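Before any comments, here is the structure.
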Amino acid sequence: MRARILACASILVLPGCAERRVAKVAPPGTSAAAPVVVAESVREAVPNDYLRVGFLSAGIPVTSIAKPGALRGFVTATVLYSPPLTVEDYPKYSGLVNDDSKVLVAMRCKPPDPAKADAVLATWPNVFTAVLRDVALAPGECDGTPSDPGKQVACYAKGFSDPQESVVPTALAQTFDYARTIFDGQHAAMAQWLQAKYGIYPAFAGTGFSVKDSYFIDKQPKTSREILVKSVSSEYLIRNLPLKDAGCQCISVAPYQGRASDRLDPDFIEKQGGNGVCKSVDRLR
């Protein structure tokens, strides 16, 4: 790990290195910076202050950022959600939907060791780089077609190239065309592995922005115009660490009348949440 950090410090153009720099972002609600500066800062470097929300059936224990067996989970930058949104509105910006019938699980995470958390802005180039860090490949293992789906994804990631271009659509088209292949129906094993291990579904844009209102995209397809307009909130992929290792304060909130209209305040989560465990609270205020 130390060698990798030193390499990143000396050669910032290495793939995946710049993404692990930590942004200097003021706490939510205290910054006098223009929103555009804040938005840029959490994309040029990771913020190291994240939010993650989910809706689970009662009785499911939460001990890590993502579900057991996953390698990474999606989070968003806390600073982007101040003033706080309601439970009804917040999930939409992460491509999710509120579910009043399930337990709300919300966590605010400030990893004490950013290198261990290895958060990256969720772009396709960063995904491919992260896969190569998460899945070990032996020399020559990609000469054929590995039987293991994780190895298949890693070999595919290894084959990705990202040359500099002077025409933006050309650069983007190459990346998205390469990623599109995973979901073309002929590479189901790779697509299923990404879903299980990274939470990457066809609604994932790979631009570093989650697509608002995309939860039902399989039943409600969108045009490129709609997708671009709905690309609002920066999102990140972080290693699926235990809550304590990820510096997470976590709360779980059972359904109650009016929960959807209550605000999901990051400071409330931090103050009321369990340190490294998910603490049950009756209400969000």
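Letters A, B, ... mark the chains of the structure tokens in the order given; residue numbers begin at 1 per chain; ligand numbers begin at 1, in order shown.
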May I have all residues of stretch 20-260 of chain A that DSSP, computed from the backbone, assigns to strand (DSSP E or B), given as a short mmCIF file (atom, residue, chain, number, x, y, z; two decimals) with N, CA and C atoms, in the first residue's frame?
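Final output, states-v9.cif:
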data_model
loop_
_atom_site.label_atom_id
_atom_site.label_comp_id
_atom_site.auth_asym_id
_atom_site.auth_seq_id
_atom_site.Cartn_x
_atom_site.Cartn_y
_atom_site.Cartn_z
N VAL A 22 -7.84 13.37 -1.69
CA VAL A 22 -8.97 13.78 -0.86
C VAL A 22 -9.20 15.27 -1.01
N VAL A 46 -11.62 12.98 -4.20
CA VAL A 46 -12.73 12.41 -3.43
C VAL A 46 -12.93 13.21 -2.14
N TYR A 50 -19.07 10.89 3.10
CA TYR A 50 -20.03 10.29 2.17
C TYR A 50 -21.35 9.96 2.84
N LEU A 51 -22.39 9.89 2.02
CA LEU A 51 -23.71 9.44 2.45
C LEU A 51 -24.11 8.21 1.64
N ARG A 52 -24.82 7.32 2.30
CA ARG A 52 -25.40 6.16 1.60
C ARG A 52 -26.74 5.85 2.25
N VAL A 53 -27.74 5.62 1.42
CA VAL A 53 -29.10 5.36 1.90
C VAL A 53 -29.64 4.12 1.20
N GLY A 54 -30.38 3.31 1.94
CA GLY A 54 -31.03 2.15 1.35
C GLY A 54 -32.33 1.84 2.09
N PHE A 55 -33.13 0.96 1.51
CA PHE A 55 -34.39 0.56 2.10
C PHE A 55 -34.41 -0.96 2.15
N LEU A 56 -34.42 -1.52 3.37
CA LEU A 56 -34.26 -2.95 3.57
C LEU A 56 -35.47 -3.54 4.30
N SER A 64 -21.73 -3.56 7.14
CA SER A 64 -20.74 -3.04 6.19
C SER A 64 -21.41 -2.05 5.25
N ARG A 72 -17.62 -3.49 -3.55
CA ARG A 72 -17.75 -2.04 -3.40
C ARG A 72 -19.22 -1.66 -3.30
N GLY A 73 -19.45 -0.42 -2.87
CA GLY A 73 -20.80 0.11 -2.81
C GLY A 73 -20.80 1.56 -3.23
N PHE A 74 -21.96 2.04 -3.65
CA PHE A 74 -22.10 3.43 -4.10
C PHE A 74 -22.35 4.35 -2.91
N VAL A 75 -21.73 5.50 -2.95
CA VAL A 75 -21.96 6.57 -1.97
C VAL A 75 -21.99 7.89 -2.72
N THR A 76 -22.47 8.93 -2.04
CA THR A 76 -22.45 10.26 -2.63
C THR A 76 -21.78 11.23 -1.67
N ALA A 77 -21.50 12.43 -2.14
CA ALA A 77 -20.78 13.41 -1.33
C ALA A 77 -21.74 14.13 -0.39
N THR A 86 -35.70 15.74 1.89
CA THR A 86 -36.61 14.82 2.56
C THR A 86 -36.28 13.38 2.15
N VAL A 103 -37.49 -0.59 6.10
CA VAL A 103 -36.63 0.11 7.04
C VAL A 103 -35.65 0.99 6.27
N LEU A 104 -35.59 2.24 6.65
CA LEU A 104 -34.62 3.16 6.07
C LEU A 104 -33.28 2.98 6.77
N VAL A 105 -32.24 2.76 5.99
CA VAL A 105 -30.88 2.67 6.54
C VAL A 105 -30.07 3.81 5.93
N ALA A 106 -29.52 4.65 6.78
CA ALA A 106 -28.75 5.80 6.30
C ALA A 106 -27.43 5.85 7.05
N MET A 107 -26.36 6.09 6.33
CA MET A 107 -25.04 6.16 6.96
C MET A 107 -24.24 7.34 6.42
N ARG A 108 -23.48 7.93 7.32
CA ARG A 108 -22.53 8.97 6.95
C ARG A 108 -21.15 8.43 7.28
N CYS A 109 -20.28 8.40 6.29
CA CYS A 109 -18.98 7.75 6.44
C CYS A 109 -17.83 8.72 6.17
N VAL A 120 -13.49 6.00 -5.44
CA VAL A 120 -13.21 6.59 -6.75
C VAL A 120 -14.49 7.19 -7.30
N LEU A 121 -14.36 8.28 -8.01
CA LEU A 121 -15.50 8.83 -8.73
C LEU A 121 -15.98 7.76 -9.71
N THR A 123 -16.79 6.70 -12.62
CA THR A 123 -16.74 6.77 -14.07
C THR A 123 -16.30 5.40 -14.59
N THR A 207 -20.48 8.20 -15.73
CA THR A 207 -20.00 9.57 -15.93
C THR A 207 -19.53 10.20 -14.61
N PHE A 209 -21.76 10.71 -12.40
CA PHE A 209 -23.05 11.24 -11.94
C PHE A 209 -24.06 10.10 -11.90
N SER A 210 -24.84 10.01 -10.84
CA SER A 210 -25.98 9.11 -10.86
C SER A 210 -27.09 9.76 -11.69
N VAL A 211 -27.92 8.93 -12.29
CA VAL A 211 -29.00 9.43 -13.15
C VAL A 211 -30.28 9.47 -12.33
N SER A 231 -28.44 13.84 -14.98
CA SER A 231 -27.14 13.53 -14.37
C SER A 231 -26.75 14.70 -13.47
N VAL A 232 -27.08 14.58 -12.19
CA VAL A 232 -26.98 15.71 -11.27
C VAL A 232 -25.98 15.49 -10.14
N SER A 233 -26.09 14.37 -9.45
CA SER A 233 -25.34 14.15 -8.21
C SER A 233 -24.10 13.27 -8.45
N SER A 234 -22.94 13.76 -8.02
CA SER A 234 -21.72 12.96 -8.14
C SER A 234 -21.83 11.71 -7.26
N GLU A 235 -21.33 10.60 -7.78
CA GLU A 235 -21.36 9.35 -7.03
C GLU A 235 -20.00 8.68 -7.08
N TYR A 236 -19.77 7.84 -6.09
CA TYR A 236 -18.46 7.21 -5.91
C TYR A 236 -18.65 5.74 -5.60
N LEU A 237 -17.62 4.97 -5.91
CA LEU A 237 -17.57 3.56 -5.52
C LEU A 237 -16.50 3.43 -4.45
N ILE A 238 -16.88 2.89 -3.31
CA ILE A 238 -15.98 2.75 -2.18
C ILE A 238 -15.90 1.28 -1.80
N ARG A 239 -14.76 0.85 -1.31
CA ARG A 239 -14.61 -0.54 -0.91
C ARG A 239 -15.62 -0.91 0.17
N PRO A 242 -16.13 -2.95 6.64
CA PRO A 242 -17.00 -2.91 7.83
C PRO A 242 -17.26 -1.46 8.21
N CYS A 248 -18.08 4.93 9.59
CA CYS A 248 -19.51 5.18 9.34
C CYS A 248 -20.32 5.29 10.63
N GLN A 249 -21.16 6.31 10.68
CA GLN A 249 -22.22 6.42 11.67
C GLN A 249 -23.50 6.03 10.94
N CYS A 250 -24.22 5.06 11.48
CA CYS A 250 -25.35 4.47 10.74
C CYS A 250 -26.60 4.45 11.61
N ILE A 251 -27.73 4.77 10.97
CA ILE A 251 -29.02 4.67 11.65
C ILE A 251 -29.97 3.81 10.82
N SER A 252 -30.89 3.16 11.51
CA SER A 252 -31.99 2.46 10.84
C SER A 252 -33.29 3.01 11.41
N VAL A 253 -34.23 3.26 10.53
CA VAL A 253 -35.49 3.90 10.92
C VAL A 253 -36.66 3.10 10.36
#
Helix (DSSP H, G or I) residues, from DSSP on the backbone, in stretch 48-181 of chain A, as a PyMOL selection string: chain A and resi 78-81+90-94+114-117+124-134+149-158+168-181
Quick check, in Å to one decimal: how far apart do atom CA of A:Ala171 and atom CA of A:Lys230 lie?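 Pair atom CA of A:Ala171 / atom CA of A:Lys230 returns 21.2 Å.
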Which distance in Å separates atom CA of A:Ile217 and atom CA of A:Gly95, to one decimal?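 About the pair atom CA of A:Ile217 and atom CA of A:Gly95: they are 9.5 Å apart.
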Among listed residues A:Asp177, A:Gln192, A:Ala260, A:Val277, nearest A:Asp89 (using only C-alpha atoms):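 Looking only at the distances to A:Asp89, the closest residue turns out to be A:Ala260.
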Please provide as a compact mmCIF listing (two decimals) with N, CA and C atoms, in the first residue's frame all residues within 9 Å of A:Arg285, with the sequence filter that same-chain residues fewer than 3 positions apart are discarded (counting only C-alpha atoms).
# COMPACT_ATOMS: atom_id res chain seq x y z
N ASP A 262 -40.02 13.86 6.32
CA ASP A 262 -38.97 14.32 7.23
C ASP A 262 -37.64 14.44 6.48
N ARG A 263 -36.80 15.34 6.96
CA ARG A 263 -35.54 15.58 6.29
C ARG A 263 -34.46 14.60 6.75
N PHE A 268 -27.70 14.82 11.75
CA PHE A 268 -28.51 13.95 12.60
C PHE A 268 -27.99 12.51 12.53
N ASP A 282 -36.12 6.02 16.45
CA ASP A 282 -37.57 6.00 16.23
C ASP A 282 -38.00 6.93 15.11
Nearest to A:Gly208 by atom-to-atom distance, counting only C-alpha atoms, from A:Ser57, A:Ser101, A:Ser161, A:Asn126: A:Asn126
Mind checking which residues fall within 12 Å of A:Ala136, counting only C-alpha atoms, ignoring those fewer than 5 positions away in the same chain, and posting them as a PyMOL selection string? chain A and resi 130-131+141-142+148+150-155+158
Of the candidates A:Arg180, A:Lys279, A:Lys110, A:Lys197, which one gets nearest to A:Asp134 if we count only C-alpha atoms?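 Nearest candidate to A:Asp134 out of A:Arg180, A:Lys279, A:Lys110, A:Lys197: A:Lys197.
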